[in-house]
file entry.txt (compact mmCIF, C-alpha atoms)
# COMPACT_ATOMS: atom_id res chain seq x y z
CA MET D 1 -69.11 -5.28 -10.77
CA ASN D 2 -65.52 -5.37 -11.90
CA SER D 3 -63.86 -2.24 -10.56
CA PHE D 4 -60.40 -3.17 -11.77
CA ALA D 5 -57.92 -0.30 -11.69
CA LEU D 6 -54.24 -0.58 -12.48
CA ASP D 7 -51.83 0.13 -9.62
CA PRO D 8 -50.37 3.66 -10.06
CA GLN D 9 -46.77 2.39 -9.85
CA LEU D 10 -47.39 -0.16 -12.63
CA GLU D 11 -49.13 2.59 -14.61
CA ALA D 12 -46.08 4.86 -14.21
CA ASP D 13 -43.45 2.24 -15.05
CA THR D 14 -45.03 0.61 -18.09
CA HIS D 15 -46.74 1.07 -21.44
CA ARG D 16 -49.98 -0.68 -22.24
CA VAL D 17 -49.74 -3.35 -24.94
CA GLY D 18 -53.36 -4.45 -24.73
CA ASP D 19 -55.85 -6.74 -23.05
CA LEU D 20 -55.98 -10.50 -23.45
CA ASP D 21 -59.10 -12.36 -22.24
CA PHE D 22 -58.01 -12.38 -18.61
CA THR D 23 -55.08 -10.03 -18.17
CA ARG D 24 -53.83 -6.60 -19.13
CA VAL D 25 -50.46 -6.87 -20.88
CA LEU D 26 -47.92 -4.16 -20.06
CA LEU D 27 -44.44 -3.47 -21.39
CA MET D 28 -41.97 -2.40 -18.69
CA ASP D 29 -40.43 0.87 -19.86
CA ASP D 30 -36.89 -0.47 -19.64
CA ALA D 31 -35.10 -0.87 -22.95
CA ARG D 32 -32.44 -3.07 -21.30
CA PHE D 33 -34.79 -6.06 -21.03
CA PRO D 34 -37.79 -7.18 -23.12
CA TRP D 35 -40.05 -7.35 -20.07
CA LEU D 36 -43.79 -7.91 -20.02
CA ILE D 37 -46.15 -7.76 -17.05
CA LEU D 38 -49.55 -9.45 -16.96
CA VAL D 39 -52.17 -8.12 -14.57
CA PRO D 40 -55.43 -10.06 -14.07
CA ARG D 41 -58.25 -7.55 -14.62
CA MET D 42 -60.04 -8.25 -11.34
CA PRO D 43 -60.09 -6.02 -8.28
CA GLY D 44 -58.57 -6.84 -4.90
CA LEU D 45 -56.03 -9.51 -5.91
CA ARG D 46 -52.74 -9.80 -4.06
CA GLU D 47 -51.62 -13.42 -4.06
CA LEU D 48 -51.84 -16.07 -6.79
CA THR D 49 -53.91 -18.07 -4.31
CA ASP D 50 -56.52 -15.28 -4.24
CA LEU D 51 -57.58 -16.61 -7.66
CA SER D 52 -59.71 -19.72 -8.11
CA LEU D 53 -57.79 -22.64 -9.58
CA ASP D 54 -59.63 -22.10 -12.89
CA ASP D 55 -58.57 -18.46 -12.96
CA GLN D 56 -55.00 -19.45 -12.06
CA HIS D 57 -55.07 -21.69 -15.14
CA ARG D 58 -56.31 -18.75 -17.25
CA LEU D 59 -53.45 -16.62 -15.95
CA LEU D 60 -50.95 -19.40 -16.65
CA ASP D 61 -52.31 -19.86 -20.18
CA GLU D 62 -51.74 -16.17 -20.90
CA ILE D 63 -48.26 -16.30 -19.33
CA ASN D 64 -47.61 -19.22 -21.65
CA ARG D 65 -48.89 -17.31 -24.66
CA VAL D 66 -46.74 -14.28 -23.87
CA ALA D 67 -43.74 -16.54 -23.24
CA HIS D 68 -44.15 -18.09 -26.70
CA VAL D 69 -44.39 -14.62 -28.24
CA LEU D 70 -41.17 -13.49 -26.54
CA HIS D 71 -39.42 -16.70 -27.65
CA ALA D 72 -40.53 -16.09 -31.22
CA THR D 73 -39.89 -12.36 -31.39
CA VAL D 74 -36.70 -11.73 -29.39
CA LYS D 75 -35.22 -15.26 -29.10
CA PRO D 76 -33.96 -15.00 -25.51
CA ASP D 77 -31.45 -17.32 -23.87
CA LYS D 78 -33.84 -17.78 -20.94
CA LEU D 79 -37.23 -16.62 -19.76
CA ASN D 80 -37.74 -15.43 -16.19
CA ILE D 81 -41.29 -15.74 -14.89
CA ALA D 82 -42.16 -14.40 -11.47
CA MET D 83 -44.91 -13.18 -9.17
CA LEU D 84 -43.29 -11.23 -6.35
CA GLY D 85 -45.40 -8.27 -5.21
CA ASN D 86 -43.27 -7.15 -2.28
CA VAL D 87 -43.38 -3.55 -3.52
CA VAL D 88 -46.46 -3.37 -5.76
CA SER D 89 -49.13 -5.40 -4.03
CA GLN D 90 -51.57 -5.75 -6.98
CA LEU D 91 -51.17 -9.31 -8.34
CA HIS D 92 -48.99 -9.23 -11.46
CA ALA D 93 -46.76 -11.67 -13.30
CA HIS D 94 -43.41 -10.76 -14.82
CA VAL D 95 -42.36 -12.49 -18.05
CA ILE D 96 -38.85 -11.32 -18.89
CA ALA D 97 -36.66 -12.26 -21.84
CA ARG D 98 -33.10 -12.69 -20.61
CA PHE D 99 -29.84 -12.81 -22.52
CA SER D 100 -26.48 -14.02 -21.27
CA THR D 101 -25.17 -10.65 -22.47
CA ASP D 102 -27.70 -8.47 -20.62
CA GLU D 103 -26.75 -6.07 -17.83
CA ALA D 104 -28.07 -8.19 -14.96
CA TRP D 105 -27.19 -11.72 -16.13
CA PRO D 106 -27.20 -14.18 -14.42
CA LYS D 107 -28.88 -12.28 -11.59
CA PRO D 108 -32.60 -11.47 -11.58
CA VAL D 109 -33.35 -8.04 -13.07
CA TRP D 110 -34.95 -6.40 -10.04
CA GLY D 111 -32.81 -3.75 -8.38
CA ILE D 112 -30.04 -3.93 -10.99
CA GLY D 113 -28.87 -0.51 -12.18
CA ALA D 114 -31.31 2.11 -13.41
CA ARG D 115 -34.20 1.68 -15.81
CA ILE D 116 -33.51 3.06 -19.31
CA ALA D 117 -36.72 4.30 -20.93
CA TYR D 118 -37.40 3.35 -24.57
CA ASP D 119 -37.00 6.09 -27.11
CA ALA D 120 -40.15 6.79 -29.13
CA ASP D 121 -39.15 4.81 -32.23
CA ASN D 122 -38.02 1.69 -30.36
CA LEU D 123 -41.09 1.83 -28.17
CA ARG D 124 -43.46 2.00 -31.14
CA GLU D 125 -41.61 -0.80 -32.91
CA ARG D 126 -41.63 -3.10 -29.89
CA ILE D 127 -45.28 -2.50 -29.05
CA ASP D 128 -46.35 -2.95 -32.68
CA ALA D 129 -44.45 -6.25 -32.87
CA LEU D 130 -46.01 -7.48 -29.62
CA ARG D 131 -49.52 -6.48 -30.66
CA THR D 132 -49.15 -8.27 -33.98
CA ALA D 133 -47.84 -11.42 -32.31
CA LEU D 134 -50.52 -11.36 -29.59
CA GLN D 135 -53.48 -10.82 -31.98
CA PRO D 136 -56.20 -10.41 -31.04
CA VAL D 137 -55.51 -7.98 -28.22
CA ALA D 138 -58.06 -5.29 -27.42
CA MET P 1 -38.28 -44.02 -19.94
CA ASN P 2 -38.21 -41.31 -17.31
CA SER P 3 -34.54 -40.68 -16.56
CA PHE P 4 -35.18 -37.75 -14.23
CA ALA P 5 -32.17 -36.76 -12.18
CA LEU P 6 -31.97 -33.77 -9.89
CA ASP P 7 -29.49 -31.05 -10.84
CA PRO P 8 -26.37 -31.36 -8.62
CA GLN P 9 -26.58 -27.71 -7.50
CA LEU P 10 -30.19 -28.13 -6.38
CA GLU P 11 -29.16 -31.38 -4.67
CA ALA P 12 -26.37 -29.55 -2.81
CA ASP P 13 -28.43 -26.53 -1.73
CA THR P 14 -31.60 -28.24 -0.55
CA HIS P 15 -33.16 -31.00 1.54
CA ARG P 16 -35.75 -33.32 0.07
CA VAL P 17 -39.24 -32.94 1.51
CA GLY P 18 -40.88 -35.53 -0.74
CA ASP P 19 -42.58 -36.17 -4.06
CA LEU P 20 -46.01 -34.91 -5.04
CA ASP P 21 -47.71 -36.42 -8.11
CA PHE P 22 -45.77 -34.28 -10.56
CA THR P 23 -42.92 -32.57 -8.75
CA ARG P 24 -40.16 -33.22 -6.24
CA VAL P 25 -40.49 -30.80 -3.31
CA LEU P 26 -37.23 -29.46 -1.88
CA LEU P 27 -36.52 -27.19 1.07
CA MET P 28 -33.79 -24.63 0.40
CA ASP P 29 -31.20 -25.01 3.16
CA ASP P 30 -31.50 -21.37 4.21
CA ALA P 31 -33.01 -20.78 7.63
CA ARG P 32 -33.54 -17.08 6.81
CA PHE P 33 -36.46 -17.80 4.47
CA PRO P 34 -39.08 -20.60 4.40
CA TRP P 35 -38.25 -21.45 0.79
CA LEU P 36 -39.52 -24.41 -1.20
CA ILE P 37 -38.50 -25.49 -4.68
CA LEU P 38 -40.65 -27.69 -6.93
CA VAL P 39 -38.96 -29.68 -9.69
CA PRO P 40 -41.08 -31.51 -12.29
CA ARG P 41 -39.81 -35.10 -12.34
CA MET P 42 -39.24 -35.27 -16.08
CA PRO P 43 -35.90 -35.19 -17.87
CA GLY P 44 -34.69 -32.42 -20.16
CA LEU P 45 -36.89 -29.53 -19.03
CA ARG P 46 -35.55 -26.01 -19.08
CA GLU P 47 -38.40 -23.58 -19.75
CA LEU P 48 -42.00 -23.62 -18.51
CA THR P 49 -42.98 -23.75 -22.17
CA ASP P 50 -41.14 -27.08 -22.55
CA LEU P 51 -44.11 -28.59 -20.71
CA SER P 52 -47.45 -29.31 -22.39
CA LEU P 53 -50.21 -26.98 -21.22
CA ASP P 54 -51.71 -29.86 -19.22
CA ASP P 55 -48.41 -30.45 -17.45
CA GLN P 56 -48.06 -26.71 -16.82
CA HIS P 57 -51.42 -26.89 -15.08
CA ARG P 58 -50.20 -29.83 -12.98
CA LEU P 59 -47.14 -27.81 -11.97
CA LEU P 60 -49.30 -24.79 -11.15
CA ASP P 61 -51.65 -26.93 -9.06
CA GLU P 62 -48.72 -28.17 -6.98
CA ILE P 63 -47.32 -24.63 -6.65
CA ASN P 64 -50.77 -23.66 -5.43
CA ARG P 65 -50.85 -26.52 -2.95
CA VAL P 66 -47.42 -25.64 -1.56
CA ALA P 67 -48.40 -21.96 -1.40
CA HIS P 68 -51.45 -22.84 0.70
CA VAL P 69 -49.27 -24.95 3.00
CA LEU P 70 -46.80 -22.09 3.50
CA HIS P 71 -49.68 -19.69 4.19
CA ALA P 72 -51.09 -22.06 6.78
CA THR P 73 -47.84 -23.06 8.47
CA VAL P 74 -45.67 -19.93 8.53
CA LYS P 75 -48.23 -17.15 7.81
CA PRO P 76 -46.03 -14.99 5.57
CA ASP P 77 -46.69 -11.37 4.65
CA LYS P 78 -46.22 -12.25 0.98
CA LEU P 79 -45.40 -15.22 -1.20
CA ASN P 80 -42.81 -14.94 -3.96
CA ILE P 81 -43.25 -17.42 -6.81
CA ALA P 82 -40.67 -17.58 -9.57
CA MET P 83 -39.14 -19.65 -12.33
CA LEU P 84 -35.79 -18.12 -13.23
CA GLY P 85 -33.19 -20.73 -14.19
CA ASN P 86 -30.39 -18.38 -15.18
CA VAL P 87 -27.93 -20.33 -13.03
CA VAL P 88 -29.50 -23.78 -12.60
CA SER P 89 -31.01 -24.66 -15.94
CA GLN P 90 -33.21 -27.59 -14.81
CA LEU P 91 -36.79 -26.27 -14.69
CA HIS P 92 -37.74 -25.49 -11.09
CA ALA P 93 -40.20 -23.20 -9.34
CA HIS P 94 -39.42 -21.23 -6.21
CA VAL P 95 -42.18 -20.69 -3.65
CA ILE P 96 -40.82 -18.46 -0.91
CA ALA P 97 -42.54 -17.18 2.21
CA ARG P 98 -41.56 -13.56 2.75
CA PHE P 99 -41.86 -11.36 5.80
CA SER P 100 -41.57 -7.59 5.97
CA THR P 101 -38.97 -8.21 8.68
CA ASP P 102 -36.79 -10.63 6.69
CA GLU P 103 -33.22 -9.86 5.67
CA ALA P 104 -33.96 -9.19 2.00
CA TRP P 105 -37.34 -7.38 2.21
CA PRO P 106 -38.62 -5.84 -0.02
CA LYS P 107 -36.03 -7.13 -2.49
CA PRO P 108 -36.12 -10.61 -3.99
CA VAL P 109 -34.07 -13.14 -1.99
CA TRP P 110 -31.59 -14.15 -4.69
CA GLY P 111 -28.09 -12.83 -4.15
CA ILE P 112 -28.86 -11.26 -0.76
CA GLY P 113 -26.26 -12.04 1.90
CA ALA P 114 -25.12 -15.57 2.63
CA ARG P 115 -27.26 -18.65 3.07
CA ILE P 116 -27.58 -19.79 6.71
CA ALA P 117 -27.99 -23.56 6.92
CA TYR P 118 -30.67 -24.96 9.25
CA ASP P 119 -29.44 -26.56 12.45
CA ALA P 120 -30.48 -30.19 12.83
CA ASP P 121 -33.43 -29.58 15.19
CA ASN P 122 -34.96 -26.75 13.16
CA LEU P 123 -34.48 -28.71 9.96
CA ARG P 124 -36.24 -31.77 11.32
CA GLU P 125 -39.07 -29.67 12.72
CA ARG P 126 -39.61 -27.76 9.46
CA ILE P 127 -39.50 -30.85 7.25
CA ASP P 128 -41.84 -32.77 9.57
CA ALA P 129 -44.33 -29.89 9.53
CA LEU P 130 -44.18 -29.66 5.73
CA ARG P 131 -44.59 -33.41 5.24
CA THR P 132 -47.59 -33.46 7.55
CA ALA P 133 -49.20 -30.52 5.76
CA LEU P 134 -48.46 -31.95 2.29
CA GLN P 135 -49.77 -35.47 3.01
CA PRO P 136 -49.56 -37.62 1.07
CA VAL P 137 -46.00 -37.10 -0.08
CA ALA P 138 -43.91 -40.09 -1.05
call {"tool": "encode", "arguments": {"input": "entry.txt", "output": "structure tokens"}}
result
Amino acid sequence: MNSFALDPQLEADTHRVGDLDFTRVLLMDDARFPWLILVPRMPGLRELTDLSLDDQHRLLDEINRVAHVLHATVKPDKLNIAMLGNVVSQLHAHVIARFSTDEAWPKPVWGIGARIAYDADNLRERIDALRTALQPVA
Amino acid sequence: MNSFALDPQLEADTHRVGDLDFTRVLLMDDARFPWLILVPRMPGLRELTDLSLDDQHRLLDEINRVAHVLHATVKPDKLNIAMLGNVVSQLHAHVIARFSTDEAWPKPVWGIGARIAYDADNLRERIDALRTALQPVA
């Protein structure tokens, strides 16, 4: 039985884009950075190494897919990809589009300033664009 | 022709552990964190997506191998895995053993305090342990 449940902190900080085959795709609710989070939809995961090598490849393939979508849609100067989990222990991968003009550059984004929530129009526009680019998402 | 050359900043900040099939394994010269960096030995790479999907899998497999070695040798509370590249553009993956007692916890390690170089004895001991655990490394 797959009793996957999203961590409450991830739930609170993000909007759901949709489900790919292996992961749930979330948009961090921070208009400063185009920032996606992929969460494998399996219970009890904490470290990358908790996944079988095959499932690690599935996760990587979806990271790769999301990375291509961010490259195509927002044309970043750099992508930042990371699995940290010091605060939220549920295994999740950050894929963040970075610009040399963004607030945190060249530092990593974590802990820099305060999150700025999307307004309703920008949120709808961004999620629609991501869903179109990631077709099919459930 | 493979004209791979290590980025001078990575060269300056790290010690060479050895070469796996696909990547060069480096130890960050910071005794505060057991911190390895894997660099695919191919020229001209900047983003993960510059690699073919097969080569991304090879990189992931070596990240996975190094992660298992860090788990076995230093028993961290958490691993942090990241590809950032905002400062050093040559594609490289960080695999960092984190402890809830370390100087940066629970923040990411980048930009926290000042690097503390290993002394000669601790450096030799750490590199010997890593080389043994990663056998065969060239």
call {"tool": "axis_aligned_box", "arguments": {"input": "entry.txt", "around": "segment 24-28 of chain D", "padding_each_side": "5 Å", "output": "lines of an AutoDock Vina configuration file"}}
result
center_x = -47.9
center_y = -4.6
center_z = -20.0
size_x = 21.9
size_y = 14.5
size_z = 12.7
call {"tool": "closest_residue", "arguments": {"input": "entry.txt", "among": "P:Asn86, P:Val25, P:Leu60, P:Gly44", "to": "Ala104 of chain D", "atoms": "only C-alpha atoms"}}
result
P:Asn86
call {"tool": "closest_atom_pairs", "arguments": {"input": "entry.txt", "of": "chain D", "to": "chain P", "cutoff": "10 Å", "atoms": "only C-alpha atoms", "output": "JSON lines"}}
result
{"residue": "D:Arg46", "atom": "CA", "partner": "P:Lys78", "partner_atom": "CA", "distance": 8.6}
{"residue": "D:Glu47", "atom": "CA", "partner": "P:Leu79", "partner_atom": "CA", "distance": 7.1}
{"residue": "D:Leu48", "atom": "CA", "partner": "P:Asn64", "partner_atom": "CA", "distance": 7.8}
{"residue": "D:Thr49", "atom": "CA", "partner": "P:Asn64", "partner_atom": "CA", "distance": 6.5}
{"residue": "D:Leu53", "atom": "CA", "partner": "P:Asp61", "partner_atom": "CA", "distance": 7.5}
{"residue": "D:Asp54", "atom": "CA", "partner": "P:His57", "partner_atom": "CA", "distance": 9.8}
{"residue": "D:Gln56", "atom": "CA", "partner": "P:Leu60", "partner_atom": "CA", "distance": 7.9}
{"residue": "D:His57", "atom": "CA", "partner": "P:His57", "partner_atom": "CA", "distance": 6.4}
{"residue": "D:Arg58", "atom": "CA", "partner": "P:His57", "partner_atom": "CA", "distance": 9.7}
{"residue": "D:Leu60", "atom": "CA", "partner": "P:His57", "partner_atom": "CA", "distance": 7.7}
{"residue": "D:Asp61", "atom": "CA", "partner": "P:Leu53", "partner_atom": "CA", "distance": 7.5}
{"residue": "D:Ile63", "atom": "CA", "partner": "P:Thr49", "partner_atom": "CA", "distance": 9.6}
{"residue": "D:Asn64", "atom": "CA", "partner": "P:Thr49", "partner_atom": "CA", "distance": 6.5}
{"residue": "D:Arg65", "atom": "CA", "partner": "P:Thr49", "partner_atom": "CA", "distance": 9.1}
{"residue": "D:Ala67", "atom": "CA", "partner": "P:Thr49", "partner_atom": "CA", "distance": 7.3}
{"residue": "D:His68", "atom": "CA", "partner": "P:Thr49", "partner_atom": "CA", "distance": 7.3}
{"residue": "D:His71", "atom": "CA", "partner": "P:Thr49", "partner_atom": "CA", "distance": 9.6}
{"residue": "D:Asp77", "atom": "CA", "partner": "P:Asn86", "partner_atom": "CA", "distance": 8.8}
{"residue": "D:Lys78", "atom": "CA", "partner": "P:Asn86", "partner_atom": "CA", "distance": 6.7}
{"residue": "D:Leu79", "atom": "CA", "partner": "P:Leu84", "partner_atom": "CA", "distance": 6.9}
{"residue": "D:Asn80", "atom": "CA", "partner": "P:Leu84", "partner_atom": "CA", "distance": 4.4}
{"residue": "D:Ile81", "atom": "CA", "partner": "P:Met83", "partner_atom": "CA", "distance": 5.1}
{"residue": "D:Ala82", "atom": "CA", "partner": "P:Ala82", "partner_atom": "CA", "distance": 4.0}
{"residue": "D:Met83", "atom": "CA", "partner": "P:Ile81", "partner_atom": "CA", "distance": 5.1}
{"residue": "D:Leu84", "atom": "CA", "partner": "P:Asn80", "partner_atom": "CA", "distance": 4.4}
{"residue": "D:Gly85", "atom": "CA", "partner": "P:Asn80", "partner_atom": "CA", "distance": 7.3}
{"residue": "D:Asn86", "atom": "CA", "partner": "P:Pro106", "partner_atom": "CA", "distance": 5.3}
{"residue": "D:Val87", "atom": "CA", "partner": "P:Pro106", "partner_atom": "CA", "distance": 6.3}
{"residue": "D:Ser89", "atom": "CA", "partner": "P:Lys78", "partner_atom": "CA", "distance": 9.0}
{"residue": "D:Ala93", "atom": "CA", "partner": "P:Ala82", "partner_atom": "CA", "distance": 9.3}
{"residue": "D:His94", "atom": "CA", "partner": "P:Ala82", "partner_atom": "CA", "distance": 9.0}
{"residue": "D:Val95", "atom": "CA", "partner": "P:Met83", "partner_atom": "CA", "distance": 9.7}
{"residue": "D:Ile96", "atom": "CA", "partner": "P:Leu84", "partner_atom": "CA", "distance": 9.4}
{"residue": "D:Arg98", "atom": "CA", "partner": "P:Asn86", "partner_atom": "CA", "distance": 8.3}
{"residue": "D:Phe99", "atom": "CA", "partner": "P:Asn86", "partner_atom": "CA", "distance": 9.2}
{"residue": "D:Ser100", "atom": "CA", "partner": "P:Asn86", "partner_atom": "CA", "distance": 8.4}
{"residue": "D:Trp105", "atom": "CA", "partner": "P:Asn86", "partner_atom": "CA", "distance": 7.4}
{"residue": "D:Pro106", "atom": "CA", "partner": "P:Asn86", "partner_atom": "CA", "distance": 5.3}
{"residue": "D:Lys107", "atom": "CA", "partner": "P:Asn86", "partner_atom": "CA", "distance": 7.2}
{"residue": "D:Pro108", "atom": "CA", "partner": "P:Trp110", "partner_atom": "CA", "distance": 7.5}
{"residue": "D:Val109", "atom": "CA", "partner": "P:Pro108", "partner_atom": "CA", "distance": 9.8}
{"residue": "D:Trp110", "atom": "CA", "partner": "P:Pro108", "partner_atom": "CA", "distance": 7.5}
{"residue": "D:Gly111", "atom": "CA", "partner": "P:Lys107", "partner_atom": "CA", "distance": 7.5}
call {"tool": "residues_around", "arguments": {"input": "entry.txt", "residues": "Arg126 of chain P", "least_positions_apart": "3", "cutoff": "12 Å", "atoms": "only C-alpha atoms", "output": "ChimeraX atom specification"}}
result
/P:15-17,26-31,33-36,69-70,73-74,118-123,129-133
call {"tool": "atom_distance", "arguments": {"input": "entry.txt", "atom1": "atom CA of Ala138 of chain P", "atom2": "atom CA of Ala117 of chain P"}}
result
24.3 Å
call {"tool": "residues_around", "arguments": {"input": "entry.txt", "residues": "Val88 of chain D", "least_positions_apart": "5", "cutoff": "8 Å", "atoms": "all atoms listed in the file", "output": "JSON, numbers by chain"}}
result
{"D": [7, 9, 10]}
call {"tool": "atom_distance", "arguments": {"input": "entry.txt", "atom1": "atom CA of Ser3 of chain P", "atom2": "atom CA of Lys75 of chain D"}}
result
28.4 Å
call {"tool": "atom_distance", "arguments": {"input": "entry.txt", "atom1": "atom CA of Leu51 of chain D", "atom2": "atom CA of Asp19 of chain D"}}
result
18.4 Å
call {"tool": "closest_residue", "arguments": {"input": "entry.txt", "among": "P:Thr101, P:Thr14, P:Pro8, P:Asp21", "to": "Met42 of chain P", "atoms": "all atoms listed in the file"}}
result
P:Asp21
call {"tool": "build_atoms", "arguments": {"input": "entry.txt", "residues": "segment 130-138 of chain P", "atoms": "all heavy atoms", "output": "PDB file, in the frame of the given file"}}
result
ATOM      1  N   LEU P 130     -43.831 -29.705   7.155  1.00  0.00           N
ATOM      2  CA  LEU P 130     -44.180 -29.660   5.730  1.00  0.00           C
ATOM      3  C   LEU P 130     -44.736 -30.997   5.260  1.00  0.00           C
ATOM      4  O   LEU P 130     -45.730 -31.046   4.533  1.00  0.00           O
ATOM      5  CB  LEU P 130     -42.952 -29.269   4.899  1.00  0.00           C
ATOM      6  CG  LEU P 130     -42.493 -27.809   5.032  1.00  0.00           C
ATOM      7  CD1 LEU P 130     -41.095 -27.622   4.452  1.00  0.00           C
ATOM      8  CD2 LEU P 130     -43.492 -26.873   4.331  1.00  0.00           C
ATOM      9  N   ARG P 131     -44.104 -32.085   5.666  1.00  0.00           N
ATOM     10  CA  ARG P 131     -44.590 -33.410   5.240  1.00  0.00           C
ATOM     11  C   ARG P 131     -45.994 -33.668   5.764  1.00  0.00           C
ATOM     12  O   ARG P 131     -46.839 -34.206   5.048  1.00  0.00           O
ATOM     13  CB  ARG P 131     -43.625 -34.500   5.735  1.00  0.00           C
ATOM     14  CG  ARG P 131     -42.356 -34.552   4.898  1.00  0.00           C
ATOM     15  CD  ARG P 131     -41.449 -35.708   5.309  1.00  0.00           C
ATOM     16  NE  ARG P 131     -40.241 -35.705   4.474  1.00  0.00           N
ATOM     17  CZ  ARG P 131     -39.045 -36.130   4.862  1.00  0.00           C
ATOM     18  NH1 ARG P 131     -38.869 -36.630   6.083  1.00  0.00           N
ATOM     19  NH2 ARG P 131     -38.018 -36.092   4.039  1.00  0.00           N
ATOM     20  N   THR P 132     -46.240 -33.275   6.984  1.00  0.00           N
ATOM     21  CA  THR P 132     -47.590 -33.460   7.550  1.00  0.00           C
ATOM     22  C   THR P 132     -48.608 -32.656   6.744  1.00  0.00           C
ATOM     23  O   THR P 132     -49.667 -33.158   6.358  1.00  0.00           O
ATOM     24  CB  THR P 132     -47.607 -33.013   9.024  1.00  0.00           C
ATOM     25  OG1 THR P 132     -46.663 -33.798   9.748  1.00  0.00           O
ATOM     26  CG2 THR P 132     -48.989 -33.181   9.629  1.00  0.00           C
ATOM     27  N   ALA P 133     -48.258 -31.395   6.456  1.00  0.00           N
ATOM     28  CA  ALA P 133     -49.200 -30.520   5.760  1.00  0.00           C
ATOM     29  C   ALA P 133     -49.397 -30.943   4.303  1.00  0.00           C
ATOM     30  O   ALA P 133     -50.453 -30.714   3.726  1.00  0.00           O
ATOM     31  CB  ALA P 133     -48.711 -29.081   5.825  1.00  0.00           C
ATOM     32  N   LEU P 134     -48.389 -31.569   3.712  1.00  0.00           N
ATOM     33  CA  LEU P 134     -48.460 -31.950   2.290  1.00  0.00           C
ATOM     34  C   LEU P 134     -48.933 -33.386   2.091  1.00  0.00           C
ATOM     35  O   LEU P 134     -48.935 -33.864   0.966  1.00  0.00           O
ATOM     36  CB  LEU P 134     -47.088 -31.778   1.622  1.00  0.00           C
ATOM     37  CG  LEU P 134     -46.688 -30.350   1.243  1.00  0.00           C
ATOM     38  CD1 LEU P 134     -45.222 -30.284   0.869  1.00  0.00           C
ATOM     39  CD2 LEU P 134     -47.549 -29.832   0.087  1.00  0.00           C
ATOM     40  N   GLN P 135     -49.330 -34.072   3.143  1.00  0.00           N
ATOM     41  CA  GLN P 135     -49.770 -35.470   3.010  1.00  0.00           C
ATOM     42  C   GLN P 135     -50.749 -35.607   1.848  1.00  0.00           C
ATOM     43  O   GLN P 135     -51.662 -34.784   1.760  1.00  0.00           O
ATOM     44  CB  GLN P 135     -50.495 -35.941   4.292  1.00  0.00           C
ATOM     45  CG  GLN P 135     -49.631 -36.025   5.509  1.00  0.00           C
ATOM     46  CD  GLN P 135     -48.894 -37.349   5.633  1.00  0.00           C
ATOM     47  OE1 GLN P 135     -49.033 -38.211   4.767  1.00  0.00           O
ATOM     48  NE2 GLN P 135     -48.093 -37.474   6.675  1.00  0.00           N
ATOM     49  N   PRO P 136     -50.642 -36.669   1.046  1.00  0.00           N
ATOM     50  CA  PRO P 136     -49.560 -37.620   1.070  1.00  0.00           C
ATOM     51  C   PRO P 136     -48.390 -37.154   0.189  1.00  0.00           C
ATOM     52  O   PRO P 136     -48.604 -36.748  -0.933  1.00  0.00           O
ATOM     53  CB  PRO P 136     -50.196 -38.873   0.461  1.00  0.00           C
ATOM     54  CG  PRO P 136     -51.224 -38.335  -0.491  1.00  0.00           C
ATOM     55  CD  PRO P 136     -51.657 -36.997   0.052  1.00  0.00           C
ATOM     56  N   VAL P 137     -47.208 -37.211   0.760  1.00  0.00           N
ATOM     57  CA  VAL P 137     -46.000 -37.100  -0.080  1.00  0.00           C
ATOM     58  C   VAL P 137     -45.248 -38.413   0.042  1.00  0.00           C
ATOM     59  O   VAL P 137     -45.272 -39.049   1.080  1.00  0.00           O
ATOM     60  CB  VAL P 137     -45.064 -35.935   0.342  1.00  0.00           C
ATOM     61  CG1 VAL P 137     -45.663 -34.597  -0.023  1.00  0.00           C
ATOM     62  CG2 VAL P 137     -44.726 -35.990   1.815  1.00  0.00           C
ATOM     63  N   ALA P 138     -44.602 -38.793  -1.033  1.00  0.00           N
ATOM     64  CA  ALA P 138     -43.910 -40.090  -1.050  1.00  0.00           C
ATOM     65  C   ALA P 138     -42.520 -39.933  -0.440  1.00  0.00           C
ATOM     66  O   ALA P 138     -41.935 -38.855  -0.500  1.00  0.00           O
ATOM     67  CB  ALA P 138     -43.806 -40.596  -2.465  1.00  0.00           C
TER      68      ALA P 138
END
